[in-house]
file coords.txt (compact mmCIF, C-alpha atoms and all ligand atoms)
# COMPACT_ATOMS: atom_id res chain seq x y z
CA MET X 13 58.85 36.84 -21.36
CA LYS X 14 58.15 33.80 -23.53
CA SER X 15 61.80 32.78 -23.75
CA THR X 16 62.03 32.90 -19.94
CA PHE X 17 59.34 30.23 -19.82
CA MET X 18 61.20 28.22 -22.48
CA GLU X 19 58.65 29.10 -25.19
CA ASP X 20 58.91 30.53 -28.70
CA PRO X 21 59.67 34.26 -28.13
CA LYS X 22 57.46 35.24 -31.12
CA LEU X 23 54.46 33.20 -29.94
CA ASP X 24 52.22 36.08 -28.90
CA PHE X 25 53.19 38.65 -31.49
CA THR X 26 50.15 38.76 -33.75
CA GLU X 27 48.30 42.10 -33.77
CA ALA X 28 45.23 40.49 -32.18
CA GLN X 29 47.33 39.08 -29.40
CA GLN X 30 49.08 42.35 -28.73
CA ALA X 31 45.68 44.07 -28.60
CA TRP X 32 44.51 41.44 -26.13
CA TRP X 33 47.54 42.00 -23.91
CA ALA X 34 47.02 45.76 -24.10
CA SER X 35 43.40 45.29 -22.99
CA ILE X 36 44.31 43.34 -19.85
CA TRP X 37 47.53 45.07 -18.80
CA ASP X 38 46.86 47.66 -16.15
CA SER X 39 49.80 50.07 -16.19
CA GLU X 40 49.46 50.63 -12.43
CA ARG X 41 50.11 46.94 -11.84
CA ILE X 42 53.03 46.17 -14.13
CA ARG X 43 56.68 46.24 -13.23
CA GLY X 44 59.65 45.39 -15.39
CA GLY X 45 63.33 45.70 -16.06
CA TYR X 46 64.70 47.06 -19.37
CA ALA X 47 68.32 46.67 -20.48
CA ASP X 48 70.22 46.62 -23.79
CA GLY X 49 67.09 47.50 -25.79
CA ARG X 50 64.90 44.69 -24.48
CA TRP X 51 62.76 43.75 -21.52
CA VAL X 52 64.70 41.54 -19.13
CA ALA X 53 62.17 41.28 -16.30
CA THR X 54 58.37 41.39 -15.98
CA LEU X 55 55.75 41.15 -13.26
CA ARG X 56 52.01 41.78 -13.47
CA THR X 57 49.19 41.67 -10.97
CA PHE X 58 45.46 41.96 -11.47
CA PRO X 59 42.64 42.62 -9.03
CA THR X 60 40.28 39.76 -8.26
CA VAL X 61 38.13 38.44 -5.46
CA LEU X 62 38.83 35.18 -3.68
CA THR X 63 36.09 33.03 -2.16
CA VAL X 64 36.68 32.12 1.52
CA PRO X 65 34.81 29.70 3.83
CA ASP X 66 31.51 31.01 5.13
CA GLY X 67 29.70 28.30 7.06
CA ALA X 68 29.57 24.66 6.06
CA ARG X 69 28.70 25.22 2.39
CA GLY X 70 28.71 28.88 1.45
CA THR X 71 31.50 31.35 0.78
CA ALA X 72 32.28 34.99 1.40
CA GLU X 73 34.68 37.05 -0.73
CA ILE X 74 37.82 39.10 -0.12
CA ALA X 75 39.74 41.48 -2.37
CA ALA X 76 42.87 39.76 -3.65
CA ASP X 77 45.93 40.83 -5.59
CA ALA X 78 46.77 38.09 -8.11
CA LEU X 79 50.43 37.92 -9.13
CA THR X 80 51.41 36.50 -12.51
CA GLN X 81 53.87 36.71 -15.42
CA VAL X 82 56.92 36.86 -13.15
CA THR X 83 59.97 36.51 -15.36
CA VAL X 84 63.61 37.47 -15.26
CA ALA X 85 65.78 36.77 -18.31
CA ALA X 86 68.48 34.15 -17.87
CA THR X 87 71.09 36.88 -18.47
CA HIS X 88 69.84 38.93 -15.51
CA ARG X 89 68.95 36.37 -12.87
CA ARG X 90 70.11 36.46 -9.24
CA GLN X 91 70.75 40.18 -9.37
CA GLY X 92 67.78 41.13 -7.21
CA LEU X 93 65.30 41.98 -9.99
CA LEU X 94 62.50 39.75 -8.66
CA ARG X 95 63.09 40.99 -5.12
CA GLY X 96 62.88 44.62 -6.26
CA MET X 97 59.73 44.15 -8.36
CA LEU X 98 57.86 42.01 -5.86
CA THR X 99 58.72 44.10 -2.80
CA ALA X 100 57.28 47.16 -4.54
CA SER X 101 54.29 45.25 -5.92
CA LEU X 102 53.31 43.93 -2.47
CA GLU X 103 53.61 47.43 -1.05
CA ASP X 104 51.21 48.70 -3.76
CA ALA X 105 48.73 45.91 -3.01
CA LYS X 106 48.84 46.72 0.69
CA GLU X 107 48.24 50.40 -0.06
CA ARG X 108 45.28 49.56 -2.29
CA GLY X 109 43.71 47.69 0.63
CA GLU X 110 43.87 44.24 -0.89
CA VAL X 111 43.50 41.67 1.86
CA VAL X 112 45.74 38.95 0.42
CA SER X 113 48.07 38.42 -2.50
CA ILE X 114 47.94 35.11 -4.36
CA LEU X 115 49.98 33.34 -7.03
CA ARG X 116 50.75 29.97 -8.61
CA ALA X 117 54.39 29.11 -8.11
CA ALA X 118 56.62 27.65 -10.84
CA GLU X 119 58.88 26.35 -8.07
CA TRP X 120 58.30 25.82 -4.36
CA THR X 121 61.50 27.57 -3.31
CA ILE X 122 60.92 31.03 -4.81
CA TYR X 123 58.08 32.71 -2.91
CA GLY X 124 58.24 31.72 0.78
CA ARG X 125 60.68 34.55 1.48
CA TYR X 126 57.98 36.99 0.36
CA GLY X 127 55.45 35.42 2.75
CA TYR X 128 53.50 33.32 0.23
CA TRP X 129 52.67 29.79 1.34
CA PRO X 130 50.69 26.89 -0.26
CA SER X 131 47.01 27.30 0.43
CA THR X 132 45.03 25.14 -2.04
CA LEU X 133 45.68 21.87 -3.85
CA GLY X 134 45.08 20.97 -7.48
CA CYS X 135 44.71 17.48 -8.88
CA ASP X 136 45.05 15.91 -12.35
CA TYR X 137 42.92 12.88 -13.17
CA GLN X 138 42.86 10.43 -16.04
CA VAL X 139 39.47 8.82 -16.54
CA VAL X 140 39.24 5.45 -18.28
CA LEU X 141 36.25 5.73 -20.62
CA ALA X 142 35.79 2.12 -21.67
CA GLY X 143 34.14 -0.69 -19.70
CA ASN X 144 31.20 -1.07 -17.38
CA GLY X 145 32.69 1.16 -14.70
CA ALA X 146 32.45 4.23 -16.94
CA ALA X 147 28.77 4.78 -16.38
CA ILE X 148 26.89 7.66 -14.82
CA GLU X 149 23.15 8.19 -14.77
CA ARG X 150 21.86 11.09 -16.80
CA PRO X 151 19.85 13.43 -14.55
CA ALA X 152 16.20 13.73 -15.59
CA GLY X 153 15.25 16.56 -17.90
CA PHE X 154 18.76 17.68 -18.87
CA ASP X 155 19.56 18.60 -22.44
CA VAL X 156 23.22 18.65 -23.56
CA ARG X 157 23.99 20.23 -26.91
CA GLN X 158 26.97 21.49 -28.87
CA ILE X 159 27.33 25.20 -29.58
CA ASP X 160 30.00 27.50 -31.01
CA PRO X 161 32.82 28.80 -28.79
CA ALA X 162 31.62 32.39 -29.24
CA GLU X 163 28.22 31.33 -27.93
CA VAL X 164 29.47 29.31 -24.95
CA ILE X 165 31.15 32.41 -23.54
CA LYS X 166 27.75 34.08 -23.15
CA TYR X 167 26.55 31.29 -20.92
CA GLN X 168 29.72 30.56 -19.03
CA SER X 169 30.02 33.87 -17.28
CA ASP X 170 26.79 33.21 -15.33
CA VAL X 171 27.45 29.49 -14.82
CA TYR X 172 30.98 30.15 -13.57
CA ASP X 173 29.88 32.85 -11.14
CA ARG X 174 27.28 30.52 -9.65
CA MET X 175 29.86 27.73 -9.41
CA ARG X 176 32.53 30.00 -7.92
CA VAL X 177 30.57 30.87 -4.80
CA ARG X 178 30.00 27.22 -3.93
CA ARG X 179 33.55 26.60 -2.77
CA ALA X 180 36.43 28.52 -1.17
CA GLY X 181 39.56 29.17 -3.22
CA HIS X 182 38.06 30.36 -6.53
CA ILE X 183 38.97 33.64 -8.20
CA GLN X 184 36.91 35.55 -10.77
CA ARG X 185 37.14 34.52 -14.42
CA THR X 186 36.89 37.28 -17.03
CA ASP X 187 35.61 37.11 -20.62
CA ALA X 188 39.12 38.11 -21.75
CA MET X 189 40.43 34.90 -20.16
CA ARG X 190 37.70 32.90 -21.92
CA ARG X 191 38.39 34.50 -25.31
CA ARG X 192 42.07 33.70 -24.96
CA ALA X 193 41.38 30.12 -23.93
CA LEU X 194 38.96 29.47 -26.78
CA GLY X 195 40.88 31.38 -29.45
CA LEU X 196 38.25 34.01 -30.26
CA ASP X 197 38.73 37.46 -31.83
CA GLY X 198 41.77 36.34 -33.82
CA LEU X 199 43.62 35.08 -30.75
CA LYS X 200 45.48 31.82 -30.73
CA SER X 201 43.61 29.33 -28.54
CA ARG X 202 45.56 28.24 -25.50
CA TYR X 203 44.83 24.69 -26.62
CA GLY X 204 46.31 25.11 -30.11
CA ARG X 205 42.99 24.64 -31.92
CA GLU X 206 39.28 25.20 -31.43
CA PRO X 207 37.75 22.95 -28.76
CA ILE X 208 34.28 21.36 -28.97
CA CYS X 209 31.90 23.29 -26.73
CA VAL X 210 28.66 22.07 -25.13
CA ILE X 211 26.12 23.40 -22.68
CA ALA X 212 23.88 21.53 -20.25
CA THR X 213 20.36 22.93 -19.88
CA ALA X 214 18.09 21.93 -16.99
CA ALA X 215 14.41 21.07 -17.40
CA ASN X 216 13.49 24.64 -16.37
CA GLY X 217 15.40 25.99 -19.41
CA GLN X 218 18.34 27.38 -17.43
CA VAL X 219 21.86 26.69 -18.69
CA ASP X 220 23.63 25.25 -15.62
CA GLY X 221 26.77 23.76 -17.15
CA THR X 222 29.40 24.42 -19.83
CA LEU X 223 32.14 22.18 -21.12
CA TRP X 224 34.89 22.34 -23.69
CA TRP X 225 37.00 19.42 -24.75
CA MET X 226 39.11 18.11 -27.63
CA ALA X 227 40.57 14.85 -28.87
CA LYS X 228 44.33 14.50 -28.83
CA ASP X 229 46.08 13.98 -32.16
CA GLY X 230 45.88 10.47 -33.57
CA ASN X 231 43.88 8.22 -35.84
CA PHE X 232 40.92 6.37 -34.41
CA PHE X 233 41.23 3.64 -37.08
CA ASP X 234 44.38 2.62 -35.19
CA GLY X 235 42.55 2.49 -31.87
CA LYS X 236 40.56 4.79 -29.70
CA LEU X 237 41.75 8.35 -29.07
CA ASP X 238 42.49 10.04 -25.78
CA ILE X 239 40.52 13.19 -25.13
CA GLU X 240 41.06 16.18 -22.84
CA VAL X 241 38.27 17.73 -20.81
CA LEU X 242 39.63 21.25 -20.97
CA ASP X 243 37.03 23.02 -18.89
CA LEU X 244 33.97 21.70 -17.09
CA THR X 245 32.00 24.31 -15.19
CA ALA X 246 28.78 23.36 -13.42
CA ALA X 247 26.58 25.56 -11.27
CA THR X 248 24.64 22.57 -9.90
CA ASP X 249 25.44 18.96 -9.01
CA ASP X 250 22.95 17.77 -11.66
CA ALA X 251 24.67 19.82 -14.39
CA TYR X 252 28.02 18.30 -13.40
CA GLN X 253 26.49 14.84 -13.68
CA ALA X 254 24.85 15.63 -17.04
CA LEU X 255 28.15 16.84 -18.49
CA TRP X 256 30.03 13.77 -17.30
CA HIS X 257 27.28 11.56 -18.69
CA TYR X 258 27.98 13.25 -22.03
CA VAL X 259 31.77 12.78 -21.76
CA LEU X 260 31.47 9.10 -20.85
CA ASN X 261 29.39 8.54 -23.97
CA ILE X 262 31.78 10.11 -26.50
CA ASP X 263 32.45 7.29 -28.96
CA LEU X 264 35.96 6.39 -30.18
CA SER X 265 37.55 7.70 -27.00
CA ALA X 266 39.77 5.71 -24.64
CA THR X 267 40.63 8.04 -21.77
CA ALA X 268 39.79 11.58 -20.71
CA GLY X 269 42.42 13.85 -19.19
CA TYR X 270 40.81 15.97 -16.48
CA ARG X 271 43.36 18.39 -15.11
CA GLU X 272 43.76 21.13 -12.54
CA ARG X 273 40.69 20.00 -10.64
CA ALA X 274 39.73 19.65 -6.97
CA VAL X 275 41.23 16.83 -4.93
CA ASP X 276 37.70 15.70 -3.99
CA GLU X 277 35.90 15.65 -7.38
CA GLN X 278 32.38 14.26 -7.14
CA LEU X 279 33.05 12.26 -10.33
CA GLU X 280 34.60 9.49 -8.24
CA TRP X 281 31.36 9.03 -6.30
CA LEU X 282 29.08 9.18 -9.34
CA LEU X 283 30.83 6.50 -11.38
CA THR X 284 29.86 2.84 -11.17
CA ASP X 285 33.56 2.22 -10.51
CA GLY X 286 35.09 5.28 -8.84
CA ARG X 287 38.57 3.90 -9.35
CA ILE X 288 38.52 4.59 -13.09
CA ALA X 289 39.01 8.29 -12.24
CA ARG X 290 42.71 7.92 -11.51
CA ARG X 291 44.53 10.63 -9.62
CA GLN X 292 47.76 11.26 -11.51
CA ARG X 293 49.24 14.23 -9.71
CA THR X 294 48.36 16.42 -6.75
CA TRP X 295 50.23 19.66 -6.24
CA ASP X 296 50.33 22.95 -4.33
CA ASP X 297 48.19 25.23 -6.48
CA VAL X 298 47.31 28.69 -5.10
CA TRP X 299 49.87 30.27 -2.74
CA LEU X 300 48.60 33.01 -0.46
CA ARG X 301 50.20 35.88 1.43
CA MET X 302 48.18 37.81 4.02
CA LEU X 303 48.41 41.57 3.70
CA ASP X 304 45.76 42.35 6.33
CA VAL X 305 45.28 39.62 8.94
CA PRO X 306 42.33 41.23 10.83
CA ALA X 307 40.41 41.78 7.55
CA ALA X 308 41.13 38.24 6.32
CA LEU X 309 40.12 36.53 9.56
CA SER X 310 37.00 38.72 9.94
CA ALA X 311 35.84 37.84 6.42
CA ARG X 312 35.50 34.09 6.84
CA ARG X 313 33.25 32.09 9.16
CA TYR X 314 34.24 29.30 11.57
CA ALA X 315 32.93 25.84 12.40
CA ALA X 316 32.78 26.55 16.15
CA THR X 317 32.29 29.67 18.22
CA ASP X 318 35.41 30.65 20.12
CA ARG X 319 37.72 33.50 21.02
CA LEU X 320 41.47 33.25 20.62
CA VAL X 321 44.39 35.64 20.75
CA LEU X 322 46.83 34.91 17.93
CA ASP X 323 50.34 36.28 18.00
CA VAL X 324 51.25 36.41 14.32
CA VAL X 325 54.94 36.45 13.46
CA ASP X 326 55.77 37.72 9.97
CA SER X 327 59.48 37.87 9.26
CA ASP X 328 59.09 37.69 5.47
CA THR X 329 59.35 40.65 3.07
CA GLY X 330 56.96 43.42 4.11
CA GLY X 331 56.04 41.83 7.45
CA TYR X 332 52.41 42.77 6.81
CA GLY X 333 50.98 40.10 9.12
CA GLN X 334 53.10 40.90 12.17
CA GLY X 335 51.11 41.59 15.35
CA ARG X 336 48.77 40.25 17.96
CA VAL X 337 45.08 39.91 17.06
CA THR X 338 41.96 38.65 18.83
CA LEU X 339 39.67 36.47 16.76
CA ASP X 340 36.09 36.21 18.00
CA GLY X 341 34.24 34.05 15.52
CA GLY X 342 31.72 31.34 14.84
CA PRO X 343 29.40 29.97 12.13
CA ASP X 344 27.38 33.19 11.74
CA ASP X 345 29.74 36.02 12.50
CA ALA X 346 33.41 36.83 13.02
CA GLU X 347 35.43 39.76 14.18
CA CYS X 348 39.17 40.04 14.32
CA THR X 349 40.92 43.11 15.71
CA ALA X 350 44.46 44.13 16.58
CA THR X 351 45.06 43.70 20.33
CA PRO X 352 48.80 44.31 20.78
CA THR X 353 48.82 43.85 24.56
CA ALA X 354 46.52 40.81 24.91
CA THR X 355 47.97 37.53 26.21
CA ALA X 356 48.53 35.15 23.30
CA ASP X 357 46.86 31.73 23.09
CA LEU X 358 48.79 30.71 19.97
CA ARG X 359 51.95 32.07 18.39
CA LEU X 360 52.07 31.26 14.70
CA SER X 361 53.76 32.53 11.57
CA GLN X 362 51.88 34.39 8.87
CA ARG X 363 52.82 31.50 6.56
CA ALA X 364 50.92 29.07 8.80
CA LEU X 365 47.82 31.28 8.71
CA ALA X 366 48.08 31.47 4.92
CA ALA X 367 48.19 27.65 4.70
CA VAL X 368 45.16 27.03 6.94
CA TYR X 369 43.04 30.06 6.05
CA LEU X 370 41.01 28.56 3.19
CA GLY X 371 40.79 25.12 4.80
CA GLY X 372 43.27 23.52 2.41
CA HIS X 373 45.83 22.43 5.00
CA SER X 374 45.58 21.35 8.62
CA LEU X 375 46.93 23.34 11.52
CA THR X 376 48.86 20.16 12.40
CA SER X 377 50.77 20.40 9.11
CA GLN X 378 52.02 23.82 10.21
CA VAL X 379 52.95 22.49 13.65
CA TRP X 380 55.04 19.93 11.76
CA ALA X 381 56.66 22.79 9.84
CA GLY X 382 57.60 24.41 13.17
CA TYR X 383 55.35 27.39 12.50
CA VAL X 384 52.90 27.14 15.44
CA ASP X 385 53.46 27.27 19.22
CA GLU X 386 50.72 26.72 21.76
CA GLU X 387 50.86 29.40 24.47
CA SER X 388 47.73 28.37 26.42
CA PRO X 389 46.86 24.67 26.84
CA GLY X 390 44.22 23.45 24.38
CA ALA X 391 44.47 26.50 22.09
CA LEU X 392 45.78 24.41 19.21
CA ASP X 393 42.79 22.08 19.23
CA ARG X 394 40.35 24.96 19.66
CA PHE X 395 41.71 26.80 16.63
CA ALA X 396 41.80 23.59 14.59
CA VAL X 397 38.10 23.01 15.36
CA MET X 398 37.24 26.60 14.38
CA LEU X 399 39.04 26.26 11.04
CA ARG X 400 37.35 23.01 10.03
CA THR X 401 35.56 23.08 6.66
CA ASP X 402 33.55 20.47 4.79
CA GLN X 403 35.33 20.80 1.43
CA PRO X 404 38.95 21.61 0.56
CA PRO X 405 39.43 24.84 -1.39
CA TRP X 406 40.02 24.75 -5.13
CA ASN X 407 40.60 27.39 -7.79
CA ALA X 408 39.16 26.60 -11.24
CA THR X 409 40.85 29.46 -13.09
CA GLY X 410 44.53 29.31 -13.96
CA PHE X 411 46.40 32.60 -13.90
C1 LIG X 501 62.31 32.85 -10.49
C2 LIG X 501 62.90 34.13 -11.06
C3 LIG X 501 61.75 35.10 -11.39
C4 LIG X 501 63.82 34.76 -9.99
O1 LIG X 501 64.25 36.04 -10.41
P1 LIG X 501 65.64 36.68 -9.92
O2 LIG X 501 65.64 38.10 -10.37
O3 LIG X 501 66.75 35.81 -10.33
O4 LIG X 501 65.51 36.62 -8.34
P2 LIG X 501 66.30 37.56 -7.31
O5 LIG X 501 67.69 37.77 -7.81
O6 LIG X 501 65.52 38.78 -7.03
O7 LIG X 501 66.33 36.63 -6.07
C5 LIG X 501 65.67 36.94 -4.84
C6 LIG X 501 65.90 35.78 -3.91
O8 LIG X 501 65.24 34.61 -4.43
C7 LIG X 501 66.18 33.55 -4.60
N1 LIG X 501 65.74 32.81 -5.80
C8 LIG X 501 65.48 33.31 -7.01
N2 LIG X 501 65.08 32.36 -7.84
C9 LIG X 501 65.05 31.21 -7.14
C10 LIG X 501 64.73 29.87 -7.47
N3 LIG X 501 64.34 29.53 -8.71
N4 LIG X 501 64.82 28.95 -6.51
C11 LIG X 501 65.23 29.30 -5.25
N5 LIG X 501 65.54 30.56 -4.88
C12 LIG X 501 65.47 31.50 -5.84
C13 LIG X 501 67.51 34.22 -4.76
O9 LIG X 501 68.55 33.35 -4.41
C14 LIG X 501 67.38 35.38 -3.77
O10 LIG X 501 67.55 34.89 -2.47
P3 LIG X 501 67.96 35.83 -1.22
O11 LIG X 501 66.74 36.62 -0.87
O12 LIG X 501 68.32 34.87 -0.16
O13 LIG X 501 69.08 36.69 -1.71
C15 LIG X 501 63.73 33.85 -12.33
O14 LIG X 501 64.69 32.88 -12.03
C16 LIG X 501 62.92 33.34 -13.51
O15 LIG X 501 62.43 34.13 -14.29
N6 LIG X 501 62.75 32.01 -13.66
C17 LIG X 501 62.03 31.39 -14.75
C18 LIG X 501 60.56 31.75 -14.77
C19 LIG X 501 59.89 31.50 -13.46
O16 LIG X 501 60.09 30.48 -12.83
N7 LIG X 501 59.06 32.45 -13.06
C20 LIG X 501 58.28 32.34 -11.88
C21 LIG X 501 56.88 32.09 -12.31
S1 LIG X 501 55.84 31.73 -10.94

call {"tool": "encode", "arguments": {"input": "coords.txt", "output": "structure tokens", "more": "lines below"}}
Ligand SMILES: CC(C)(COP(=O)(O)OP(=O)(O)OC[C@H]1O[C@@H](n2cnc3c(N)ncnc32)[C@H](O)[C@@H]1OP(=O)(O)O)[C@@H](O)C(=O)NCCC(=O)NCCS
result
Amino acid sequence: MKSTFMEDPKLDFTEAQQAWWASIWDSERIRGGYADGRWVATLRTFPTVLTVPDGARGTAEIAADALTQVTVAATHRRQGLLRGMLTASLEDAKERGEVVSILRAAEWTIYGRYGYWPSTLGCDYQVVLAGNGAAIERPAGFDVRQIDPAEVIKYQSDVYDRMRVRRAGHIQRTDAMRRRALGLDGLKSRYGREPICVIATAANGQVDGTLWWMAKDGNFFDGKLDIEVLDLTAATDDAYQALWHYVLNIDLSATAGYRERAVDEQLEWLLTDGRIARRQRTWDDVWLRMLDVPAALSARRYAATDRLVLDVVDSDTGGYGQGRVTLDGGPDDAECTATPTATADLRLSQRALAAVYLGGHSLTSQVWAGYVDEESPGALDRFAVMLRTDQPPWNATGF
């Protein structure tokens, strides 16, 4: 698998790492191809829950199948191995009752044919740490202190879960993922060495924020070093502010890399000069495929109360979204049921629904893509108003 991703094939072969893999691999959810005495194809999924919009600020949750570790050896590509593995894997997810399947795509062109479509955005920032603009007030009563990586895990599980439900698009983060990231239990840290870990404690004694970061290689006698904020998780706005106050006051540092974040980070608005948080790259992050349209549309809430018949066209592998449904939803409640004979207000592809479902992309963008047709006048605007959310979705946990 490693060589397929252009990495050292022996990278994960310590005993501790093999034990870690064994602990997370669920044999029911792995598929592979074996030829000439070696694995030539892999695919793994894991169960998670995905937060979806529920009113202006809250979220609800749906069961999601998360697809990862998709590899086919260079010797065996374009022979249908991915198609075979993924077709069967989606069928399993559908049978298990998972509402959507999600992934992060190495390339845009691979997964559309299976019905996955971009649904959230990620953004990389570089924050200039020197100068007057790099100032943030420290919220009253907050204590920020350094602790060991093994200790930070104990706090992060609670902090992350409280953060996760504040925005649509997040998946669950497990302690196994944290141990791997931080290099605990004999594992090799994803970052190559042990990061510096801190927690932010509010005046009431509750730990509301965790952070790990490291300096990049270099010598500060030759000039200031660049640092990387590897993970910043805050359950409250004040904890976020306290952690950034800490980062902005790390001596000998020139810039902070702040990657795989939301496109609308509050950092920009907290800084004296918001422009020092420079957006470097924005990209399609989580791709989503609906496996059960009525369950997905019933699970979220809508900005306006309305009733629309959607004729969903799903010509991609599996065709799980195909059919006509009636969505009756608003800010407090929603119901979506199959109504095969109802007269359609909108005809749209499953891909379009996947793009707009979490609030990450506009319905207009899918009209541009040729994926939405208005069948009754005004239906497009009515659905767009229903789908409106205050914040774009974002997933904080790579997979
Ligand atoms: C991407 C990858 C998994 C595809 O596997 P594969 O077994 O060659 O794919 P298949 O032969 O099953 O191809 C299925 C279809 O996808 C298309 N396809 C496969 N890889 C593609 C790519 N990189 N770009 C565009 N289309 C691609 C094939 O042309 C075929 O099209 P068709 O349905 O019109 O016939 C493989 O190339 C690989 O391992 N790449 C490197 C690692 C990687 O990118 N993994 C994905 C991580 S998200």

call {"tool": "residues_around", "arguments": {"input": "coords.txt", "residues": "Leu244 of chain X", "least_positions_apart": "2", "cutoff": "12 Å", "atoms": "only C-alpha atoms", "output": "PyMOL selection string"}}
result
chain X and resi 164+168+171-172+175+208-212+220-225+240-242+246-248+251-256+258-259+269-274+277+279+408-409

call {"tool": "residues_around", "arguments": {"input": "coords.txt", "residues": "segment 333-349 of chain X", "least_positions_apart": "3", "cutoff": "8 Å", "atoms": "only C-alpha atoms", "output": "number ranges by chain"}}
result
X: 66-67, 302-307, 309-327, 352-354, 356, 362, 398

call {"tool": "closest_atom_pairs", "arguments": {"input": "coords.txt", "of": "chain X", "to": "ligand LIG 501 (chain X)", "cutoff": "6 Å", "atoms": "all atoms listed in the file", "output": "JSON lines"}}
result
{"residue": "X:Thr16", "atom": "CA", "partner": "X:LIG501", "partner_atom": "C17", "distance": 5.4}
{"residue": "X:Phe17", "atom": "CA", "partner": "X:LIG501", "partner_atom": "C18", "distance": 5.4}
{"residue": "X:Val82", "atom": "CA", "partner": "X:LIG501", "partner_atom": "C21", "distance": 4.8}
{"residue": "X:Thr83", "atom": "CA", "partner": "X:LIG501", "partner_atom": "O15", "distance": 3.6}
{"residue": "X:Val84", "atom": "CA", "partner": "X:LIG501", "partner_atom": "O15", "distance": 3.7}
{"residue": "X:Ala85", "atom": "CA", "partner": "X:LIG501", "partner_atom": "O15", "distance": 5.9}
{"residue": "X:Arg89", "atom": "CA", "partner": "X:LIG501", "partner_atom": "O3", "distance": 3.4}
{"residue": "X:Arg90", "atom": "CA", "partner": "X:LIG501", "partner_atom": "O5", "distance": 3.1}
{"residue": "X:Gln91", "atom": "CA", "partner": "X:LIG501", "partner_atom": "O5", "distance": 4.2}
{"residue": "X:Gly92", "atom": "CA", "partner": "X:LIG501", "partner_atom": "O6", "distance": 3.3}
{"residue": "X:Leu93", "atom": "CA", "partner": "X:LIG501", "partner_atom": "O2", "distance": 3.9}
{"residue": "X:Leu94", "atom": "CA", "partner": "X:LIG501", "partner_atom": "O6", "distance": 3.6}
{"residue": "X:Arg95", "atom": "CA", "partner": "X:LIG501", "partner_atom": "O6", "distance": 3.8}
{"residue": "X:Arg116", "atom": "CA", "partner": "X:LIG501", "partner_atom": "S1", "distance": 5.9}
{"residue": "X:Ala117", "atom": "CA", "partner": "X:LIG501", "partner_atom": "S1", "distance": 4.1}
{"residue": "X:Ala118", "atom": "CA", "partner": "X:LIG501", "partner_atom": "S1", "distance": 4.2}
{"residue": "X:Thr121", "atom": "CA", "partner": "X:LIG501", "partner_atom": "C11", "distance": 4.5}
{"residue": "X:Ile122", "atom": "CA", "partner": "X:LIG501", "partner_atom": "N5", "distance": 4.6}

call {"tool": "closest_residue", "arguments": {"input": "coords.txt", "among": "X:Lys166, X:His373, X:Lys200, X:Arg50", "to": "Glu27 of chain X", "atoms": "only C-alpha atoms"}}
result
X:Lys200

call {"tool": "residues_near_point", "arguments": {"input": "coords.txt", "point": "(35.2, 36.1, -20.1)", "cutoff": "9 Å", "atoms": "all atoms listed in the file", "output": "list in words"}}
result
Ile165, Lys166, Gln168, Ser169, Arg185, Thr186, Asp187, Ala188, Met189, Arg190, Arg191 and Arg192 of chain X

call {"tool": "closest_atom_pairs", "arguments": {"input": "coords.txt", "of": "segment 284-357 of chain X", "to": "segment 145-163 of chain X", "cutoff": "12 Å", "atoms": "all atoms listed in the file", "output": "JSON lines"}}
result
{"residue": "X:Thr284", "atom": "CA", "partner": "X:Gly145", "partner_atom": "CA", "distance": 4.8}
{"residue": "X:Asp285", "atom": "CA", "partner": "X:Gly145", "partner_atom": "CA", "distance": 4.4}
{"residue": "X:Gly286", "atom": "CA", "partner": "X:Gly145", "partner_atom": "CA", "distance": 7.6}
{"residue": "X:Arg287", "atom": "CA", "partner": "X:Gly145", "partner_atom": "CA", "distance": 8.4}
{"residue": "X:Ile288", "atom": "CA", "partner": "X:Gly145", "partner_atom": "CA", "distance": 7.0}
{"residue": "X:Ala289", "atom": "CA", "partner": "X:Ala146", "partner_atom": "CA", "distance": 9.0}

call {"tool": "closest_residue", "arguments": {"input": "coords.txt", "among": "X:Ala268, X:Leu358, X:Val368, X:Val139", "to": "Asp385 of chain X", "atoms": "only C-alpha atoms"}}
result
X:Leu358

call {"tool": "axis_aligned_box", "arguments": {"input": "coords.txt", "around": "segment 58-74 of chain X", "padding_each_side": "8 Å", "output": "AutoDock Vina command-line options"}}
result
--center_x 37.1 --center_y 33.6 --center_z -2.2 --size_x 32.8 --size_y 34.0 --size_z 34.5

call {"tool": "closest_residue", "arguments": {"input": "coords.txt", "among": "X:Ser374, X:Trp299, X:Leu365, X:Thr355", "to": "Glu119 of chain X", "atoms": "only C-alpha atoms"}}
result
X:Trp299

call {"tool": "closest_residue", "arguments": {"input": "coords.txt", "among": "X:Thr132, X:Thr376, X:Ser101, X:Thr80", "to": "His182 of chain X", "atoms": "all atoms listed in the file"}}
result
X:Thr132

call {"tool": "closest_residue", "arguments": {"input": "coords.txt", "among": "X:Leu260, X:Val298, X:Ala308, X:Ala105", "to": "Ser131 of chain X", "atoms": "only C-alpha atoms"}}
result
X:Val298
